[in-house]
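Structure record follows, encoded as structure tokens.
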Amino acid sequence: MSQYDVIVIGAGPAGLMAAGQAASLGKNTLLLEKMKTPGRKLLLTGKHRCNLTNTALVPDALEHFNEGGRFLTQLFYRYYTDELRLFFSEIGVPTVVQRGGRVFPKSEKAQKVLEALLSWIQSSGVELITEAAVSELKIFGGKIDGIVAQTGNYQAPAVILATGGKAYPGTGSTGDGFAFSRRAGHKIIPLRPALVPLITGGNTAQKLQGLSLKNVSVSVWVNNKKFTQLFGELMFTHFGLSGPVILSLSRQIVNYLQGDNQVDLRLDLKPALDHTALDNRILRDIQNQGKKQFSSMLEGLLPKKLIPICSEQIGIPRDKKISQISGAERKQLRLWLKEDFKFSITGHTGFEQAIITAGGVNTAEVDPVTMESKLIQGLYFAGEILDIDADTGGFNLQAAFSTGWAAGRAAASD
Ligand SMILES: Cc1cc2nc3c(=O)[nH]c(=O)nc-3n(C[C@H](O)[C@H](O)[C@H](O)COP(=O)(O)OP(=O)(O)OC[C@H]3O[C@@H](n4cnc5c(N)ncnc54)[C@H](O)[C@@H]3O)c2cc1C
């Protein structure tokens with residue numbers, strides 16, 4: 001049986017960082033990846049541009065995480081954006097800050113990030129074996145002893161589980177690590193897909209399929225009570241709604257839906273105008289274009305695809321003369337543009353299309369400084385396997401890199 005100081009399971013961002021750290025500290029480190037190539041999900045991140053992290057201050061960043069995110073507080077004060085950007089610049093990946101504090105590689109290529117990480121782990125001395133699915137952890141007397149993989153049995157006093165979550169399983173993240181952790185005695189907080197597109201009732205979204213609205217404000221109503229609101233970009237799909245604003249809101253919506261609540265989304269298509277300003281605008285259009293048809297007035301207010309939907313929903317025929325629009329109809333149009341264009345949410349897509357997994361290894365059972373299990377000596381966790389999930393914006397990758405950094409260094413100091 002081959003003997004190592006540290007074994008890392010899973011060559012995603014967390015595992016690559018952990019293995020590189022352990023090897024840089026002089027440890028004989030083995031990294032096992034079940035797919036043919038490492039870092040498959042990393043290549044998809046940020047639409048292949050890889051949103052590595054975010055410049056939000058630590059307290060603000062933590063607001064973007066689930067409750068489990070508090071577990072990251074100490075760690076983020078030790079290893080966060082500045083440290084990660086410095087690390088990447090040292091391995092040949094300079095970064096730039098874009099809208100909303102999002103940090104990307106200057107090249108805007110996830111491929112370059114992966115290549116740099118792979119050449120760094122290689123020069124640090126990590127032994128990487130691909131097509132090496134791990135099937136079992138060997139634990140004796142409360143201590144880790146090694147693992148069983150497709151390629152053989154390996155022994156080590158420190159094993160880092162970085163197998164990711166269950167989202168986008170085609171990338172290799174099929175949730176194997178949750179079963180290993182459960183067998184080791186860890187509690188797994190129930191797994192849910194998070195950052196997912198939403199399924200809507202009726203067929204309005206389908207009629208608008210392919211349309212993207214860049215500047216909308218979306219409010220979430222649960223049992224007819226407004227809960228939250230977010231501004232951003234939305235897309236209509238063949239099953240409902242997607243796009244950044246929907247993915248971000250979905251983290252909470254998935255939980256509301258599990259509680260069997262009635263969830264509706266209302267769109268404010270004119271968030272830059274309050275009701276009075278919008279009414280003035282509509283009034284001006286009516287005065288200036290009186291002889292034309294209602295549809296030509298809508299052309300100035302809406303993308304083409306939305307015009308028939310608007311006219312149908314507010315019951316004003318598209319060929320009605322603008323001069324004949326009554327005060328009540330004007331009000332109806334204003335309300336539709338600001339709040340009456342709504343969708344009932346009947347569900348969400350599954351792990352196949354989720355950006356991240358909510359739930360995972362209970363962080364209460366993991367040391368927040370070392371990432372070591374409080375139950376099994378020598379077993380460490382890094383990345384999405386932990387019960388940590390965040391909004392889009394680079395926070396999830398930062399969490400994977402930070403926990404990988406801590407686990408790799410702590411495992412190397414055993
Ligand atoms: C489409 C998409 C876009 C995203 N964009 C961003 C973004 O721009 N910014 C951001 O912050 N986050 C983004 N994310 C989230 C981010 O990719 C994840 O948070 C991150 O990849 C988690 O890293 P990880 O190393 O924990 O797990 P993973 O990246 O899932 O890696 C786990 C690895 O473990 C391997 N593995 C699993 N089981 C075994 C086993 N039994 N034996 C051996 N190996 C195993 C898997 O094959 C995989 O390679 C995106 C996610 C998706 C799906």
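Letters A, B, ... mark the chains of the structure tokens in the order given; residue numbers begin at 1 per chain; ligand numbers begin at 1, in order shown.
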Spatial neighbours of Gln353 (chain A), 7 Å, only C-alpha atoms, chain gap at least 2 places, as a ChimeraX atom specification: /A:167-168,196,349-351,355
Kindly export the residues of the current selection with C-alpha atoms, as a PDB file, in the first residue's frame.
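For reference, again10.pdb as written:
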```pdb
ATOM      1  CA  ALA A 167     -24.624  20.648  -8.266  1.00  0.00           C
ATOM      2  CA  TYR A 168     -23.773  20.148 -11.967  1.00  0.00           C
ATOM      3  CA  VAL A 196     -31.201  27.685  -9.463  1.00  0.00           C
ATOM      4  CA  THR A 349     -34.859  23.080 -11.336  1.00  0.00           C
ATOM      5  CA  GLY A 350     -32.736  20.383  -9.699  1.00  0.00           C
ATOM      6  CA  PHE A 351     -29.064  19.870  -8.943  1.00  0.00           C
ATOM      7  CA  ILE A 355     -24.730  26.644  -9.295  1.00  0.00           C
TER       8      ILE A 355
END
```
Selection: 7 Å around Phe104 (chain A), only C-alpha atoms, excl. self and same-chain fewer than 5 positions, as a list of chain:residue names: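 What passes the distance filter is A:Arg49, A:Cys50, A:Asn51, A:Leu52, A:Thr95, A:Val96, A:Val97.
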Site check for ligand 1: residues at most 7 Å away, only C-alpha atoms and all ligand atoms, as a CSV table (one decimal) with C-alpha atoms, in the first residue's frame:
```csv
chain,number,residue,atom,x,y,z
A,9,ILE,CA,-9.8,13.8,-2.5
A,10,GLY,CA,-11.2,15.9,-5.3
A,11,ALA,CA,-9.3,18.2,-7.7
A,12,GLY,CA,-11.7,21.2,-7.7
A,13,PRO,CA,-10.6,24.6,-6.5
A,14,ALA,CA,-10.7,23.6,-2.8
A,15,GLY,CA,-8.7,20.4,-3.4
A,32,LEU,CA,-7.1,11.9,-6.3
A,33,GLU,CA,-9.6,13.0,-8.9
A,34,LYS,CA,-12.3,10.8,-10.2
A,35,MET,CA,-12.8,12.5,-13.6
A,38,PRO,CA,-9.3,18.0,-12.9
A,39,GLY,CA,-11.2,21.2,-12.2
A,40,ARG,CA,-14.1,20.6,-14.6
A,41,LYS,CA,-16.5,22.9,-12.7
A,42,LEU,CA,-13.9,25.6,-12.3
A,44,LEU,CA,-17.5,26.7,-16.2
A,45,THR,CA,-17.4,29.4,-13.5
A,46,GLY,CA,-18.4,32.9,-14.4
A,47,LYS,CA,-19.5,31.8,-17.8
A,50,CYS,CA,-14.1,32.7,-13.5
A,51,ASN,CA,-15.3,35.1,-10.9
A,52,LEU,CA,-12.6,34.3,-8.4
A,53,THR,CA,-13.6,36.4,-5.5
A,132,ALA,CA,-9.2,7.6,-9.3
A,133,ALA,CA,-12.6,7.7,-7.7
A,134,VAL,CA,-12.4,7.2,-4.0
A,135,SER,CA,-15.0,4.8,-2.5
A,162,ALA,CA,-12.8,18.2,-1.1
A,163,THR,CA,-15.3,16.4,-3.2
A,164,GLY,CA,-17.6,19.4,-3.7
A,165,GLY,CA,-21.4,19.3,-3.6
A,167,ALA,CA,-24.6,20.6,-8.3
A,168,TYR,CA,-23.8,20.1,-12.0
A,171,THR,CA,-18.5,17.9,-13.7
A,172,GLY,CA,-17.9,15.0,-11.2
A,173,SER,CA,-19.5,16.6,-8.2
A,174,THR,CA,-22.0,13.8,-7.4
A,175,GLY,CA,-22.0,14.2,-3.6
A,176,ASP,CA,-19.8,11.2,-2.8
A,177,GLY,CA,-18.2,13.0,0.1
A,354,ALA,CA,-27.8,24.5,-9.7
A,355,ILE,CA,-24.7,26.6,-9.3
A,356,ILE,CA,-24.2,25.5,-5.7
A,382,ALA,CA,-12.6,22.0,2.3
A,383,GLY,CA,-15.0,23.6,-0.2
A,384,GLU,CA,-18.6,23.0,-1.1
A,385,ILE,CA,-18.9,19.8,0.9
A,392,THR,CA,-23.2,34.8,-6.9
A,393,GLY,CA,-20.3,37.4,-7.0
A,394,GLY,CA,-17.2,35.2,-6.3
A,395,PHE,CA,-18.1,34.3,-2.7
A,396,ASN,CA,-18.4,30.6,-3.3
A,397,LEU,CA,-15.0,30.2,-5.0
A,398,GLN,CA,-13.4,32.4,-2.2
A,400,ALA,CA,-13.5,27.0,-1.5
```
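Counting only C-alpha atoms, Val159 (chain A) has the following residues at most 6 Å away, ignoring those fewer than 5 positions along the same chain: Val6, Ile7, Val8 and Leu379 of chain A.
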Just all heavy atoms for this one: save the residues we selected as a CSV table (one decimal), in the first residue's frame.
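Here's the written file selection.csv:
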```
chain,number,residue,atom,x,y,z
A,6,VAL,N,-0.2,13.4,3.2
A,6,VAL,CA,-1.5,14.0,3.1
A,6,VAL,C,-2.2,13.5,1.8
A,6,VAL,O,-1.5,13.4,0.8
A,6,VAL,CB,-1.4,15.5,3.0
A,6,VAL,CG1,-2.8,16.2,2.8
A,6,VAL,CG2,-0.7,16.1,4.2
A,7,ILE,N,-3.4,13.1,1.9
A,7,ILE,CA,-4.2,12.7,0.7
A,7,ILE,C,-5.4,13.7,0.6
A,7,ILE,O,-6.1,14.0,1.6
A,7,ILE,CB,-4.8,11.3,0.8
A,7,ILE,CG1,-3.6,10.2,0.9
A,7,ILE,CG2,-5.7,10.9,-0.3
A,7,ILE,CD1,-4.1,8.8,1.2
A,8,VAL,N,-5.5,14.2,-0.6
A,8,VAL,CA,-6.6,15.1,-0.9
A,8,VAL,C,-7.6,14.4,-1.9
A,8,VAL,O,-7.1,13.9,-2.9
A,8,VAL,CB,-6.1,16.5,-1.4
A,8,VAL,CG1,-7.3,17.4,-1.7
A,8,VAL,CG2,-5.1,17.1,-0.5
A,379,LEU,N,-9.0,13.9,9.7
A,379,LEU,CA,-9.9,14.1,8.6
A,379,LEU,C,-10.3,15.6,8.5
A,379,LEU,O,-10.7,16.2,9.5
A,379,LEU,CB,-11.2,13.3,8.8
A,379,LEU,CG,-12.3,13.5,7.7
A,379,LEU,CD1,-11.8,13.0,6.4
A,379,LEU,CD2,-13.6,12.7,8.1
```
Test item, strand (DSSP E or B) assignment across region 209-341 of chain A, answer as a ChimeraX atom specification: /A:212-222,225-236,240-242,263-268,293,321,341
Distance criterion (only C-alpha atoms): nearest to Leu337 (chain A) out of A:Val216, A:Val366, A:Leu72, A:Leu257: A:Val216
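Here CA of Ile199 (chain A) is placed at a distance of 13.1 Å from CA of Gln262 (chain A).
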DSSP helix (DSSP H, G or I) residues within region 141-192 of chain A, listed as a ChimeraX atom specification: /A:169-171,176-183
Store the residues picked out above in a file with all heavy atoms, as a CSV table (one decimal), in the first residue's frame.
```csv
chain,number,residue,atom,x,y,z
A,169,PRO,N,-23.7,17.7,-11.6
A,169,PRO,CA,-23.1,16.4,-11.4
A,169,PRO,C,-22.2,16.0,-12.6
A,169,PRO,O,-21.2,15.2,-12.4
A,169,PRO,CB,-24.2,15.4,-11.2
A,169,PRO,CG,-25.4,16.1,-11.7
A,169,PRO,CD,-25.2,17.6,-11.6
A,170,GLY,N,-22.5,16.5,-13.8
A,170,GLY,CA,-21.7,16.1,-15.0
A,170,GLY,C,-20.2,16.5,-14.8
A,170,GLY,O,-19.3,16.0,-15.5
A,171,THR,N,-19.9,17.4,-13.9
A,171,THR,CA,-18.5,17.9,-13.7
A,171,THR,C,-17.8,16.9,-12.7
A,171,THR,O,-16.6,17.1,-12.4
A,171,THR,CB,-18.5,19.3,-13.1
A,171,THR,OG1,-19.2,19.3,-11.8
A,171,THR,CG2,-19.1,20.3,-14.0
A,176,ASP,N,-20.4,12.3,-3.5
A,176,ASP,CA,-19.8,11.2,-2.8
A,176,ASP,C,-19.3,11.5,-1.4
A,176,ASP,O,-19.5,10.7,-0.5
A,176,ASP,CB,-18.6,10.6,-3.6
A,176,ASP,CG,-18.9,10.3,-5.0
A,176,ASP,OD1,-20.0,10.5,-5.5
A,176,ASP,OD2,-18.0,9.8,-5.7
A,177,GLY,N,-18.8,12.6,-1.2
A,177,GLY,CA,-18.2,13.0,0.1
A,177,GLY,C,-19.2,13.1,1.2
A,177,GLY,O,-18.9,12.9,2.4
A,178,PHE,N,-20.5,13.3,0.8
A,178,PHE,CA,-21.5,13.4,1.9
A,178,PHE,C,-21.7,12.0,2.5
A,178,PHE,O,-21.8,11.9,3.7
A,178,PHE,CB,-22.8,13.9,1.4
A,178,PHE,CG,-22.7,15.3,0.8
A,178,PHE,CD1,-23.0,15.6,-0.5
A,178,PHE,CD2,-22.2,16.4,1.6
A,178,PHE,CE1,-22.9,16.9,-1.1
A,178,PHE,CE2,-22.1,17.7,1.1
A,178,PHE,CZ,-22.4,17.9,-0.2
A,179,ALA,N,-21.7,11.0,1.6
A,179,ALA,CA,-21.8,9.6,2.1
A,179,ALA,C,-20.6,9.2,3.0
A,179,ALA,O,-20.8,8.6,4.1
A,179,ALA,CB,-22.0,8.7,1.0
A,180,PHE,N,-19.4,9.6,2.6
A,180,PHE,CA,-18.2,9.3,3.4
A,180,PHE,C,-18.3,9.9,4.7
A,180,PHE,O,-18.0,9.3,5.8
A,180,PHE,CB,-16.9,9.8,2.7
A,180,PHE,CG,-16.7,9.3,1.3
A,180,PHE,CD1,-15.9,10.0,0.4
A,180,PHE,CD2,-17.2,8.1,0.8
A,180,PHE,CE1,-15.6,9.6,-0.9
A,180,PHE,CE2,-17.0,7.6,-0.5
A,180,PHE,CZ,-16.2,8.4,-1.3
A,181,SER,N,-18.7,11.2,4.7
A,181,SER,CA,-18.8,12.0,6.0
A,181,SER,C,-19.8,11.4,6.9
A,181,SER,O,-19.6,11.3,8.1
A,181,SER,CB,-19.1,13.4,5.7
A,181,SER,OG,-18.3,13.9,4.7
A,182,ARG,N,-21.0,11.0,6.3
A,182,ARG,CA,-22.1,10.5,7.1
A,182,ARG,C,-21.6,9.2,7.8
A,182,ARG,O,-21.8,9.0,9.0
A,182,ARG,CB,-23.3,10.2,6.3
A,182,ARG,CG,-24.6,10.1,7.0
A,182,ARG,CD,-25.8,9.9,6.1
A,182,ARG,NE,-26.3,11.1,5.5
A,182,ARG,CZ,-26.3,11.3,4.2
A,182,ARG,NH1,-25.9,10.4,3.4
A,182,ARG,NH2,-26.8,12.4,3.7
A,183,ARG,N,-20.9,8.3,7.0
A,183,ARG,CA,-20.4,7.1,7.6
A,183,ARG,C,-19.3,7.3,8.7
A,183,ARG,O,-19.2,6.6,9.6
A,183,ARG,CB,-19.8,6.2,6.5
A,183,ARG,CG,-20.8,5.2,5.9
A,183,ARG,CD,-20.2,4.3,4.9
A,183,ARG,NE,-20.7,4.7,3.6
A,183,ARG,CZ,-20.0,4.8,2.4
A,183,ARG,NH1,-18.7,4.4,2.4
A,183,ARG,NH2,-20.6,5.1,1.3
```
